[in-house]
$ cat target08.txt   # compact mmCIF, C-alpha atoms
# COMPACT_ATOMS: atom_id res chain seq x y z
CA LYS A 676 -21.96 -29.82 7.86
CA CYS A 677 -20.26 -32.55 9.89
CA GLY A 678 -20.57 -30.70 13.20
CA LYS A 679 -16.86 -30.88 14.03
CA PHE A 680 -14.93 -27.98 15.51
CA PHE A 681 -12.22 -26.47 13.34
CA TRP A 682 -9.72 -23.60 13.41
CA THR A 683 -8.68 -21.30 10.56
CA THR A 684 -7.32 -17.81 9.96
CA ASP A 685 -9.79 -17.34 7.09
CA LYS A 686 -12.66 -15.40 8.65
CA LYS A 687 -14.89 -16.02 5.64
CA ARG A 688 -14.62 -19.82 5.83
CA LYS A 689 -17.79 -21.63 6.88
CA LEU A 690 -16.84 -25.27 6.24
CA CYS A 691 -14.06 -27.39 7.72
CA GLY A 692 -12.33 -28.15 4.40
CA ASP A 693 -12.91 -31.91 4.27
CA SER A 694 -13.63 -33.30 0.79
CA THR A 695 -17.01 -34.51 2.11
CA CYS A 696 -17.93 -30.85 2.61
CA GLU A 697 -16.27 -29.22 -0.40
CA PRO A 698 -14.64 -30.46 -3.63
CA TYR A 699 -10.92 -30.38 -4.33
CA SER A 700 -9.98 -26.82 -5.27
CA PHE A 701 -6.34 -27.41 -6.25
CA ILE A 702 -6.78 -29.53 -9.40
CA GLY A 703 -5.32 -27.71 -12.39
CA LYS A 704 -4.21 -24.74 -10.29
CA LYS A 705 -0.97 -23.38 -8.89
CA PHE A 706 -1.64 -24.06 -5.24
CA GLY A 707 1.94 -24.01 -3.97
CA TRP A 708 5.62 -24.16 -4.88
CA LYS A 709 5.97 -27.12 -7.25
CA HIS A 710 8.46 -29.98 -6.82
CA ASP A 711 8.55 -33.52 -8.11
CA TYR A 712 7.92 -36.40 -5.69
CA VAL A 713 11.48 -36.94 -4.46
CA ASP A 714 12.28 -33.23 -4.31
CA THR A 715 9.14 -32.62 -2.25
CA TRP A 716 10.66 -34.91 0.36
CA ARG A 717 14.06 -33.25 0.01
CA GLU A 718 12.64 -29.76 0.53
CA PHE A 719 10.66 -30.99 3.52
CA ALA A 720 13.76 -32.62 5.04
CA ARG A 721 15.89 -29.54 4.33
CA PHE A 722 13.43 -27.32 6.17
CA PHE A 723 13.33 -29.51 9.26
CA GLN A 724 17.10 -29.92 9.28
CA SER A 725 17.34 -26.14 9.44
CA LYS A 726 15.11 -26.31 12.53
CA GLY A 727 17.40 -28.75 14.34
CA ARG A 728 15.52 -31.94 13.48
CA THR A 729 17.46 -35.12 12.65
CA VAL A 730 16.45 -36.95 9.46
CA ILE A 731 16.75 -40.70 10.09
CA ASN A 732 16.69 -43.62 7.66
CA ARG A 733 13.43 -45.46 7.18
CA TYR A 734 12.57 -48.59 9.13
CA PRO A 735 11.83 -51.86 7.29
CA THR A 736 8.29 -52.23 6.03
CA VAL A 737 8.26 -55.65 7.71
CA ALA A 738 7.58 -54.88 11.40
CA ARG A 739 9.80 -57.52 12.97
CA TRP A 740 9.93 -55.70 16.34
CA ARG A 741 6.15 -56.05 16.84
CA ASP A 742 3.98 -59.09 17.47
CA ASP A 743 0.64 -57.47 16.62
CA THR A 744 1.15 -56.66 12.93
CA TRP A 745 2.99 -57.95 9.89
CA PHE A 746 3.79 -54.63 8.25
CA VAL A 747 4.34 -50.97 9.19
CA GLN A 748 1.14 -49.00 8.61
CA ALA A 749 2.19 -45.58 9.97
CA SER A 750 5.43 -43.87 10.90
CA ILE A 751 4.68 -44.14 14.64
CA TYR A 752 4.79 -47.95 14.24
CA ASP A 753 8.58 -47.55 14.13
CA PHE A 754 8.51 -46.51 17.78
CA GLN A 755 5.71 -48.62 19.22
CA PRO A 756 5.74 -50.14 21.72
CA HIS A 757 9.30 -49.83 23.04
CA VAL A 758 10.10 -46.13 22.55
CA VAL A 759 6.60 -44.83 23.28
CA SER A 760 6.48 -46.85 26.52
CA GLY A 761 9.77 -45.35 27.66
CA GLU A 762 11.65 -48.67 27.60
CA THR A 763 14.00 -47.66 24.76
CA LEU A 764 15.47 -44.36 23.63
CA PRO A 765 14.58 -43.17 20.11
CA PRO A 766 17.36 -43.09 17.47
CA ALA A 767 17.14 -39.28 17.54
CA ASN A 768 14.93 -36.73 19.27
CA PRO A 769 13.23 -34.86 17.69
CA LEU A 770 13.32 -36.60 14.32
CA ILE A 771 11.91 -36.78 10.78
CA VAL A 772 11.50 -40.04 8.84
CA ALA A 773 10.09 -40.81 5.37
CA GLN A 774 8.51 -44.14 6.29
CA PRO A 775 7.00 -46.41 3.61
CA CYS A 776 3.74 -47.88 4.92
CA PHE A 777 1.47 -50.70 3.73
CA ARG A 778 -2.31 -50.87 3.97
CA PHE A 779 -4.26 -53.65 2.27
CA ASN A 780 -7.78 -52.96 3.48
CA ASP A 781 -9.03 -51.00 0.46
CA ILE A 782 -7.11 -52.09 -2.63
CA GLU A 783 -10.31 -51.80 -4.69
CA ASN A 784 -10.01 -48.01 -4.31
CA ILE A 785 -6.54 -47.87 -5.90
CA GLY A 786 -6.63 -46.15 -9.27
CA VAL A 787 -10.17 -44.92 -8.60
CA THR A 788 -9.96 -42.29 -5.86
CA SER A 789 -6.49 -40.81 -6.52
CA ARG A 790 -5.71 -40.93 -2.79
CA HIS A 791 -5.60 -44.66 -2.02
CA TYR A 792 -2.48 -46.82 -2.23
CA SER A 793 -1.38 -50.21 -0.91
CA ASN A 794 1.90 -48.44 -0.10
CA PHE A 795 2.53 -44.78 0.62
CA VAL A 796 5.16 -42.69 2.36
CA MET A 797 4.15 -41.23 5.69
CA ILE A 798 6.60 -38.53 6.71
CA GLY A 799 6.81 -38.80 10.47
CA GLN A 800 7.42 -35.61 12.45
CA HIS A 801 8.11 -37.00 15.92
CA LYS A 802 9.23 -35.81 19.31
CA PHE A 803 9.41 -37.71 22.61
CA ILE A 804 8.99 -35.48 25.67
CA SER A 805 9.80 -36.70 29.18
CA ASP A 806 9.14 -33.51 31.19
CA ASN A 807 5.80 -31.99 32.14
CA ARG A 808 5.96 -28.82 30.06
CA ALA A 809 2.53 -27.32 29.55
CA ASP A 810 3.45 -26.00 26.09
CA TRP A 811 4.68 -29.32 24.64
CA LYS A 812 2.30 -29.13 21.65
CA GLU A 813 2.90 -25.60 20.38
CA GLU A 814 6.29 -25.83 18.67
CA ASP A 815 5.40 -28.65 16.31
CA ILE A 816 2.00 -27.18 15.42
CA GLY A 817 3.88 -23.99 14.51
CA LEU A 818 6.33 -25.95 12.37
CA VAL A 819 3.42 -27.52 10.47
CA ILE A 820 2.27 -24.06 9.42
CA ASP A 821 5.82 -22.87 8.71
CA VAL A 822 6.81 -25.77 6.44
CA LEU A 823 3.61 -25.35 4.42
CA LYS A 824 4.49 -21.69 4.03
CA GLN A 825 7.88 -22.90 2.77
CA PHE A 826 5.95 -24.65 -0.01
CA ARG A 827 4.08 -21.35 -0.55
CA ILE A 828 0.79 -22.74 0.67
CA SER A 829 -1.16 -19.89 2.22
CA GLU A 830 -1.93 -20.06 5.92
CA LYS A 831 -5.49 -19.02 5.06
CA ALA A 832 -5.89 -22.20 3.01
CA LEU A 833 -5.44 -24.39 6.11
CA THR A 834 -8.05 -25.74 8.47
CA PHE A 835 -7.31 -27.69 11.66
CA VAL A 836 -10.22 -30.03 12.41
CA GLU A 837 -10.53 -31.41 15.93
CA ALA A 838 -10.60 -35.19 16.33
CA ALA A 839 -9.35 -38.03 18.51
CA TRP A 840 -6.87 -40.75 17.56
CA LEU A 841 -6.03 -44.25 18.77
CA GLY A 842 -3.78 -46.98 17.39
CA GLY A 843 -1.20 -49.53 18.45
CA GLY A 844 -2.46 -49.42 22.04
CA ASN A 845 -2.08 -45.64 22.35
CA ALA A 846 -4.36 -42.63 22.08
CA GLY A 847 -4.50 -38.85 22.19
CA PRO A 848 -6.24 -35.74 20.86
CA CYS A 849 -5.44 -34.69 17.32
CA PHE A 850 -6.06 -32.26 14.50
CA GLU A 851 -6.70 -33.33 10.92
CA VAL A 852 -5.20 -30.63 8.70
CA PHE A 853 -6.89 -29.82 5.39
CA ALA A 854 -5.94 -27.67 2.40
CA GLY A 855 -7.80 -27.34 -0.88
CA GLY A 856 -10.41 -29.88 0.23
CA MET A 857 -7.84 -32.61 0.99
CA GLU A 858 -6.51 -33.97 4.27
CA LEU A 859 -2.74 -33.44 4.22
CA LEU A 860 -1.68 -34.63 7.64
CA THR A 861 -2.81 -35.62 11.11
CA THR A 862 -1.23 -34.08 14.20
CA VAL A 863 -1.55 -36.52 17.09
CA MET A 864 -0.65 -35.47 20.62
CA MET A 865 -0.15 -38.95 22.03
CA GLN A 866 -0.36 -39.08 25.81
CA PHE A 867 -2.26 -42.22 26.77
CA SER A 868 -1.96 -45.99 26.63
CA ILE A 869 -5.12 -48.08 26.36
CA THR A 870 -5.42 -50.69 29.11
CA GLU A 871 -6.92 -54.18 28.77
CA ASN A 872 -10.12 -52.73 30.24
CA ASN A 873 -10.21 -50.05 27.51
CA GLU A 874 -9.31 -47.31 29.96
CA LEU A 875 -6.85 -44.48 29.29
CA LYS A 876 -3.61 -44.44 31.28
CA ASP A 877 -1.02 -41.66 31.12
CA LEU A 878 2.12 -42.55 29.19
CA PRO A 879 5.52 -41.85 30.78
CA LEU A 880 6.24 -39.74 27.67
CA LYS A 881 4.30 -37.14 25.75
CA VAL A 882 4.69 -37.99 22.06
CA ILE A 883 4.32 -35.72 19.06
CA ASP A 884 3.08 -38.01 16.30
CA ILE A 885 2.52 -35.96 13.14
CA GLY A 886 2.01 -38.00 10.00
CA TRP A 887 2.29 -36.30 6.61
CA GLY A 888 1.15 -37.91 3.37
CA LEU A 889 4.03 -37.32 0.94
CA GLU A 890 1.87 -38.34 -2.02
CA ARG A 891 -0.80 -35.85 -0.98
CA LEU A 892 1.61 -32.98 -0.37
CA ALA A 893 3.27 -33.51 -3.77
CA TRP A 894 -0.17 -33.77 -5.40
CA LEU A 895 -1.44 -30.58 -3.76
CA ILE A 896 1.47 -28.43 -4.91
CA ASN A 897 1.43 -29.84 -8.47
CA GLY A 898 -2.33 -29.75 -9.00
CA THR A 899 -2.43 -32.76 -11.33
CA ALA A 900 -5.66 -34.65 -11.97
CA THR A 901 -4.48 -37.56 -9.81
CA SER A 902 -1.80 -38.05 -7.18
CA TYR A 903 -0.51 -41.04 -9.15
CA GLU A 904 0.88 -38.84 -11.91
CA VAL A 905 3.23 -37.17 -9.41
CA THR A 906 4.04 -40.23 -7.32
CA TYR A 907 4.93 -42.57 -10.20
CA ASN A 908 6.67 -40.13 -12.52
CA PRO A 909 8.68 -41.03 -14.63
CA VAL A 910 7.86 -44.75 -14.30
CA ASP A 911 4.27 -44.18 -15.45
CA THR A 912 5.45 -42.49 -18.65
CA LYS A 913 7.83 -45.35 -19.48
CA PHE A 914 5.21 -47.98 -18.62
CA SER A 915 2.63 -46.18 -20.75
CA LYS A 916 4.91 -46.33 -23.80
CA LEU A 917 5.74 -49.97 -23.13
CA ILE A 918 2.13 -51.19 -23.03
CA GLY A 919 0.65 -48.69 -25.50
CA PHE A 920 -1.87 -47.16 -23.12
CA LYS A 921 -2.12 -43.58 -21.84
CA PRO A 922 -4.70 -42.50 -19.24
CA ASP A 923 -7.21 -39.98 -20.59
CA ASP A 924 -6.19 -36.73 -18.90
CA ALA A 925 -9.38 -34.88 -19.82
CA PHE A 926 -11.50 -37.65 -18.30
CA LEU A 927 -9.35 -37.73 -15.15
CA LYS A 928 -9.67 -33.97 -14.61
CA LYS A 929 -13.44 -34.29 -14.86
CA PHE A 930 -13.52 -37.43 -12.71
CA SER A 931 -11.40 -35.73 -10.02
CA LYS A 932 -14.38 -33.50 -9.23
CA VAL A 933 -16.46 -36.48 -8.09
CA ASN A 934 -14.01 -39.11 -6.83
CA ALA A 935 -12.97 -37.08 -3.77
CA VAL A 936 -15.87 -38.55 -1.82
CA MET A 937 -15.68 -42.06 -3.27
CA ASP A 938 -14.74 -45.01 -1.06
CA LEU A 939 -15.65 -48.47 -2.33
CA THR A 940 -15.24 -49.95 1.16
CA GLU A 941 -18.06 -47.79 2.52
CA THR A 942 -20.67 -48.48 -0.15
CA THR A 943 -21.25 -50.92 -3.00
CA PRO A 944 -19.30 -50.33 -6.22
CA GLU A 945 -22.59 -50.24 -8.09
CA LYS A 946 -23.87 -47.32 -5.99
CA ALA A 947 -20.53 -45.48 -6.10
CA PHE A 948 -20.11 -45.69 -9.87
CA SER A 949 -23.77 -44.99 -10.55
CA SER A 950 -23.54 -41.81 -8.47
CA ALA A 951 -20.28 -40.78 -10.20
CA ALA A 952 -21.75 -41.34 -13.66
CA LYS A 953 -24.80 -39.27 -12.77
CA ALA A 954 -22.62 -36.42 -11.48
CA MET A 955 -20.52 -36.50 -14.66
CA LYS A 956 -23.62 -36.76 -16.87
CA MET A 957 -22.37 -40.00 -18.40
CA LYS A 958 -23.83 -43.44 -18.79
CA GLN A 959 -22.36 -45.80 -16.23
CA GLU A 960 -21.16 -48.18 -18.96
CA ALA A 961 -19.25 -45.35 -20.65
CA LEU A 962 -17.68 -44.28 -17.35
CA MET A 963 -16.52 -47.82 -16.55
CA LYS A 964 -15.11 -48.27 -20.05
CA LYS A 965 -12.92 -45.21 -19.47
CA LEU A 966 -12.10 -45.93 -15.84
CA GLU A 967 -11.28 -49.65 -15.79
CA PRO A 968 -8.02 -49.50 -17.82
CA ILE A 969 -6.94 -46.42 -15.83
CA ARG A 970 -7.62 -48.29 -12.62
CA ALA A 971 -5.58 -51.24 -13.86
CA PHE A 972 -2.72 -49.02 -15.05
CA TYR A 973 -2.24 -47.32 -11.69
CA SER A 974 -2.94 -50.50 -9.69
CA ILE A 975 -0.11 -52.29 -11.49
CA LEU A 976 2.24 -49.40 -10.71
CA ASP A 977 1.12 -49.43 -7.08
CA HIS A 978 1.33 -53.19 -6.58
CA SER A 979 4.77 -53.52 -8.16
CA LYS A 980 6.13 -50.77 -5.90
CA THR A 981 4.72 -52.52 -2.82
CA LEU A 982 6.37 -55.77 -3.89
CA LEU A 983 9.68 -53.93 -4.32
CA PHE A 984 9.69 -52.61 -0.75
CA ALA A 985 8.34 -55.80 0.83
CA ILE A 986 10.72 -58.21 -0.88
CA ALA A 987 13.69 -55.86 -0.38
CA ASP A 988 12.88 -55.92 3.34
CA GLY A 989 12.72 -59.72 3.51
CA ALA A 990 9.03 -60.59 2.96
CA LEU A 991 7.87 -63.11 0.37
CA PRO A 992 4.54 -63.62 -1.42
CA SER A 993 2.94 -66.75 0.06
CA ASN A 994 -0.40 -68.27 0.98
CA THR A 995 -0.18 -67.53 4.72
CA GLY A 996 0.10 -64.51 7.03
CA GLY A 997 1.26 -61.19 5.68
CA GLY A 998 2.76 -62.90 2.65
CA TYR A 999 -0.77 -63.62 1.45
CA ASN A 1000 -1.37 -59.88 0.96
CA LEU A 1001 1.70 -59.75 -1.29
CA ARG A 1002 0.52 -62.79 -3.22
CA VAL A 1003 -2.85 -61.09 -3.80
CA LEU A 1004 -1.13 -57.99 -5.20
CA LEU A 1005 1.23 -59.97 -7.41
CA ARG A 1006 -1.58 -62.05 -8.93
CA ARG A 1007 -3.87 -59.01 -9.22
CA ALA A 1008 -1.24 -57.01 -11.13
CA LEU A 1009 -0.62 -59.85 -13.58
CA ARG A 1010 -4.33 -60.56 -13.99
CA MET A 1011 -5.07 -56.91 -14.78
CA GLY A 1012 -2.31 -56.89 -17.38
CA GLU A 1013 -3.72 -60.01 -19.01
CA LYS A 1014 -7.22 -58.51 -19.09
CA PHE A 1015 -6.06 -55.59 -21.23
CA GLY A 1016 -3.41 -57.47 -23.18
CA TRP A 1017 -0.50 -55.56 -21.62
CA PRO A 1018 2.97 -57.11 -21.33
CA VAL A 1019 3.44 -56.58 -17.57
CA ASP A 1020 7.05 -57.27 -16.59
CA LEU A 1021 7.26 -56.97 -12.80
CA VAL A 1022 11.05 -57.32 -12.82
CA TRP A 1023 11.33 -54.32 -15.13
CA LEU A 1024 8.81 -52.33 -13.07
CA VAL A 1025 10.53 -52.83 -9.71
CA ARG A 1026 13.84 -51.81 -11.28
CA GLU A 1027 12.30 -48.60 -12.64
CA HIS A 1028 10.67 -47.83 -9.28
CA ALA A 1029 14.00 -48.29 -7.47
CA LEU A 1030 15.78 -45.94 -9.87
CA ALA A 1031 13.04 -43.31 -9.62
CA LEU A 1032 13.04 -43.42 -5.80
CA TYR A 1033 16.81 -43.04 -5.75
CA GLY A 1034 16.24 -39.58 -7.14
CA ASN A 1035 18.42 -37.23 -9.10
CA ALA A 1036 21.71 -36.92 -7.18
CA THR A 1037 22.69 -33.74 -9.03
CA PRO A 1038 22.49 -30.61 -6.84
CA ARG A 1039 19.38 -28.61 -7.64
CA ALA A 1040 18.51 -25.12 -6.51
CA ILE A 1041 15.43 -26.25 -4.62
CA SER A 1042 16.03 -24.05 -1.58
CA SER A 1043 14.03 -20.86 -1.52
CA LEU A 1044 16.68 -19.13 0.59
CA LYS A 1045 19.07 -17.37 -1.78
CA GLY A 1046 22.73 -17.68 -0.94
CA GLU A 1047 22.14 -20.51 1.53
CA GLU A 1048 24.39 -23.54 1.09
CA LEU A 1049 22.67 -26.67 -0.11
CA ALA A 1050 21.70 -28.82 2.86
CA GLU A 1051 22.50 -32.50 2.99
CA ALA A 1052 18.85 -33.26 2.22
CA ASP A 1053 19.15 -31.51 -1.16
CA LEU A 1054 21.60 -34.11 -2.38
CA MET A 1055 20.49 -37.27 -0.68
CA PRO A 1056 18.88 -40.11 -2.61
CA MET A 1057 15.56 -41.10 -1.10
CA TYR A 1058 15.95 -44.87 -0.73
CA PRO A 1059 19.43 -45.88 -1.98
CA GLU A 1060 19.12 -49.33 -0.37
CA LEU A 1061 16.49 -50.36 -2.92
CA ARG A 1062 19.07 -50.35 -5.73
CA GLN A 1063 21.30 -52.58 -3.64
CA SER A 1064 18.43 -55.02 -3.02
CA LEU A 1065 17.35 -55.25 -6.67
CA PRO A 1066 19.20 -58.53 -7.49
CA ASP A 1067 17.37 -60.32 -4.66
CA VAL A 1068 14.00 -58.77 -5.52
CA GLU A 1069 14.40 -59.71 -9.18
CA LYS A 1070 15.27 -63.32 -8.30
CA VAL A 1071 12.07 -63.67 -6.27
CA LEU A 1072 9.87 -62.21 -9.01
CA GLU A 1073 11.57 -64.25 -11.74
CA PHE A 1074 10.95 -67.39 -9.69

$ encode --input "target08.txt" --output "structure tokens"
Amino acid sequence: KCGKFFWTTDKKRKLCGDSTCEPYSFIGKKFGWKHDYVDTWREFARFFQSKGRTVINRYPTVARWRDDTWFVQASIYDFQPHVVSGETLPPANPLIVAQPCFRFNDIENIGVTSRHYSNFVMIGQHKFISDNRADWKEEDIGLVIDVLKQFRISEKALTFVEAAWLGGGNAGPCFEVFAGGMELLTTVMMQFSITENNELKDLPLKVIDIGWGLERLAWLINGTATSYEVTYNPVDTKFSKLIGFKPDDAFLKKFSKVNAVMDLTETTPEKAFSSAAKAMKMKQEALMKKLEPIRAFYSILDHSKTLLFAIADGALPSNTGGGYNLRVLLRRALRMGEKFGWPVDLVWLVREHALALYGNATPRAISSLKGEELAEADLMPMYPELRQSLPDVEKVLEF
């Protein structure tokens, strides 16, 4: 439908797999090998460790090493411009990083589409290549397929859609990889810098820049109505009991069939919700009555988690610069709570998020390889530094 080229091993497939062409097919189904949010990351890290990849600690969400952005928006930001330009060596090569990222351009979509967040974890699969090997792309494309097989996602379910990518002054060809109607990752083969005259110039390095959406991978293999249920578990359950509100699961499962193509930044909310109501055979007023508290519930969870990372990394809500984005989220979370009469305690929420992201430190048999010793990734907490930063984060929010 879109006219893009795509690759697949499924000879019967006629469409590229984007949600604009076909609806999500994984909701309510067993699409892969299920893990919770933190264990999805652990299994991913364990696999790549077994392939000789080094798992490094995340970078701060505040991009102090760059003068063109306030916050990290993708895992490759960690290495732009100094590593990508060849000025500085990477901390490991090749490497894997679970990098928290912030994006504030579409907060109205949060809680509506199931795929939008102001913060999300981009798992970066990166390699920095200094020689002129002709086959520099093949190994990592193969590992993409292999790790998805590790999660028992069929190779036939995958489509690789051809595209081009640019960002942070760099560019290269890429594939967008889809499964079950959802984009899971983008595989960028970065090989150019963009000059002041908007021309492409060869980089001294060839860079594998593969960005995985952890929220989307965990959602795909669990098949829940929204990605938020996987990402925020168990904080969402505790918060639900605290405020006396529980999202309507039956409504969300029905709504998930139409919200895959919704984006409130690309059309007016009136048109988007009118179209959704028509598709669900509901009156628009009835749809909004169901949706608005759900939107607020997940937005509060999202915004409080963003504040946790940002403040832990040294940023403060303010009325200037990047701090203004944090101020907007803080006020929006409190305002939504007031609208529905919910006792929103941001100090309590950030503490619960930090504990949930630490993860269960008890060894779990998450490896599919029987008899294999548990890898370091099986035991590691996801972000242990957040617990250490809690006193400072709580002081800021209490103030």

$ closest_residue --input "target08.txt" --among "A:Gly844, A:Arg778, A:Ile975, A:Ile771" --to "Asp743 in chain A" --atoms "all atoms listed in the file"
A:Gly844

$ atom_distance --input "target08.txt" --atom1 "CA of Pro1018 in chain A" --atom2 "CA of Val910 in chain A"
15.0 Å

$ residues_around --input "target08.txt" --residues "Phe681 in chain A" --least-positions-apart "6" --cutoff "12 Å" --atoms "all atoms listed in the file" --output "ChimeraX atom specification"
/A:688-693,833-838,849-853

$ write_last_selection --input "target08.txt" --atoms "C-alpha atoms" --output "CSV table (one decimal), in the coordinates of the input"
chain,number,residue,atom,x,y,z
A,688,ARG,CA,-14.6,-19.8,5.8
A,689,LYS,CA,-17.8,-21.6,6.9
A,690,LEU,CA,-16.8,-25.3,6.2
A,691,CYS,CA,-14.1,-27.4,7.7
A,692,GLY,CA,-12.3,-28.2,4.4
A,693,ASP,CA,-12.9,-31.9,4.3
A,833,LEU,CA,-5.4,-24.4,6.1
A,834,THR,CA,-8.0,-25.7,8.5
A,835,PHE,CA,-7.3,-27.7,11.7
A,836,VAL,CA,-10.2,-30.0,12.4
A,837,GLU,CA,-10.5,-31.4,15.9
A,838,ALA,CA,-10.6,-35.2,16.3
A,849,CYS,CA,-5.4,-34.7,17.3
A,850,PHE,CA,-6.1,-32.3,14.5
A,851,GLU,CA,-6.7,-33.3,10.9
A,852,VAL,CA,-5.2,-30.6,8.7
A,853,PHE,CA,-6.9,-29.8,5.4

$ atom_distance --input "target08.txt" --atom1 "CA of Pro765 in chain A" --atom2 "CA of Gln1063 in chain A"
26.4 Å

$ residues_near_point --input "target08.txt" --point "(12.5, -26.3, 14.6)" --cutoff "12 Å" --atoms "all atoms listed in the file" --output "number ranges by chain"
A: 720-729, 768-771, 800-802, 813-822

$ residues_around --input "target08.txt" --residues "Thr715 in chain A" --least-positions-apart "6" --cutoff "8 Å" --atoms "only C-alpha atoms" --output "number ranges by chain"
A: 889, 892-893

$ residues_around --input "target08.txt" --residues "range 1008-1017 of chain A" --least-positions-apart "5" --cutoff "9 Å" --atoms "only C-alpha atoms" --output "ChimeraX atom specification"
/A:917-920,968,971-972,974-979,1003

$ write_last_selection --input "target08.txt" --atoms "C-alpha atoms" --output "PDB file, in the coordinates of the input"
ATOM      1  CA  LEU A 917       5.740 -49.970 -23.130  1.00  0.00           C
ATOM      2  CA  ILE A 918       2.130 -51.190 -23.030  1.00  0.00           C
ATOM      3  CA  GLY A 919       0.650 -48.690 -25.500  1.00  0.00           C
ATOM      4  CA  PHE A 920      -1.870 -47.160 -23.120  1.00  0.00           C
ATOM      5  CA  PRO A 968      -8.020 -49.500 -17.820  1.00  0.00           C
ATOM      6  CA  ALA A 971      -5.580 -51.240 -13.860  1.00  0.00           C
ATOM      7  CA  PHE A 972      -2.720 -49.020 -15.050  1.00  0.00           C
ATOM      8  CA  SER A 974      -2.940 -50.500  -9.690  1.00  0.00           C
ATOM      9  CA  ILE A 975      -0.110 -52.290 -11.490  1.00  0.00           C
ATOM     10  CA  LEU A 976       2.240 -49.400 -10.710  1.00  0.00           C
ATOM     11  CA  ASP A 977       1.120 -49.430  -7.080  1.00  0.00           C
ATOM     12  CA  HIS A 978       1.330 -53.190  -6.580  1.00  0.00           C
ATOM     13  CA  SER A 979       4.770 -53.520  -8.160  1.00  0.00           C
ATOM     14  CA  VAL A1003      -2.850 -61.090  -3.800  1.00  0.00           C
TER      15      VAL A1003
END

$ atom_distance --input "target08.txt" --atom1 "CA of Phe930 in chain A" --atom2 "CA of Lys687 in chain A"
28.2 Å

$ closest_residue --input "target08.txt" --among "A:Leu1061, A:Ile804, A:Val905, A:Ala952" --to "Leu983 in chain A" --atoms "only C-alpha atoms"
A:Leu1061

$ closest_residue --input "target08.txt" --among "A:Ala809, A:Leu1072, A:Leu823, A:Val933" --to "Ile896 in chain A" --atoms "all atoms listed in the file"
A:Leu823

$ closest_residue --input "target08.txt" --among "A:Phe1074, A:Trp716, A:Phe867, A:Phe926" --to "Lys881 in chain A" --atoms "only C-alpha atoms"
A:Phe867

$ closest_residue --input "target08.txt" --among "A:Phe826, A:Tyr699, A:Pro1056, A:Asp810" --to "Glu718 in chain A" --atoms "all atoms listed in the file"
A:Phe826

$ closest_residue --input "target08.txt" --among "A:Pro909, A:Ser829, A:Pro1059, A:Ile702" --to "Asp924 in chain A" --atoms "all atoms listed in the file"
A:Ile702

$ closest_atom_pairs --input "target08.txt" --of "range 981-1012 of chain A" --to "range 1065-1068 of chain A" --cutoff "12 Å" --atoms "only C-alpha atoms" --output "Markdown table"
| residue | atom | partner | partner_atom | distance |
| --- | --- | --- | --- | --- |
| A:Thr981 | CA | A:Val1068 | CA | 11.5 |
| A:Leu982 | CA | A:Val1068 | CA | 8.4 |
| A:Leu983 | CA | A:Val1068 | CA | 6.6 |
| A:Phe984 | CA | A:Val1068 | CA | 8.9 |
| A:Ala985 | CA | A:Val1068 | CA | 9.0 |
| A:Ile986 | CA | A:Val1068 | CA | 5.7 |
| A:Ala987 | CA | A:Val1068 | CA | 5.9 |
| A:Asp988 | CA | A:Val1068 | CA | 9.4 |
| A:Gly989 | CA | A:Val1068 | CA | 9.2 |
| A:Ala990 | CA | A:Val1068 | CA | 10.0 |
| A:Leu991 | CA | A:Val1068 | CA | 9.5 |
| A:Pro992 | CA | A:Val1068 | CA | 11.4 |

$ residues_around --input "target08.txt" --residues "Tyr712 in chain A" --least-positions-apart "6" --cutoff "10 Å" --atoms "all atoms listed in the file" --output "compact mmCIF listing (two decimals) with C-alpha atoms, in the frame of the given file"
# COMPACT_ATOMS: atom_id res chain seq x y z
CA LEU A 889 4.03 -37.32 0.94
CA GLU A 890 1.87 -38.34 -2.02
CA ARG A 891 -0.80 -35.85 -0.98
CA LEU A 892 1.61 -32.98 -0.37
CA ALA A 893 3.27 -33.51 -3.77
CA TRP A 894 -0.17 -33.77 -5.40
CA ASN A 897 1.43 -29.84 -8.47
CA SER A 902 -1.80 -38.05 -7.18
CA GLU A 904 0.88 -38.84 -11.91
CA VAL A 905 3.23 -37.17 -9.41
CA THR A 906 4.04 -40.23 -7.32
CA TYR A 907 4.93 -42.57 -10.20
CA ASN A 908 6.67 -40.13 -12.52
CA ALA A 1031 13.04 -43.31 -9.62
CA LEU A 1032 13.04 -43.42 -5.80
CA GLY A 1034 16.24 -39.58 -7.14
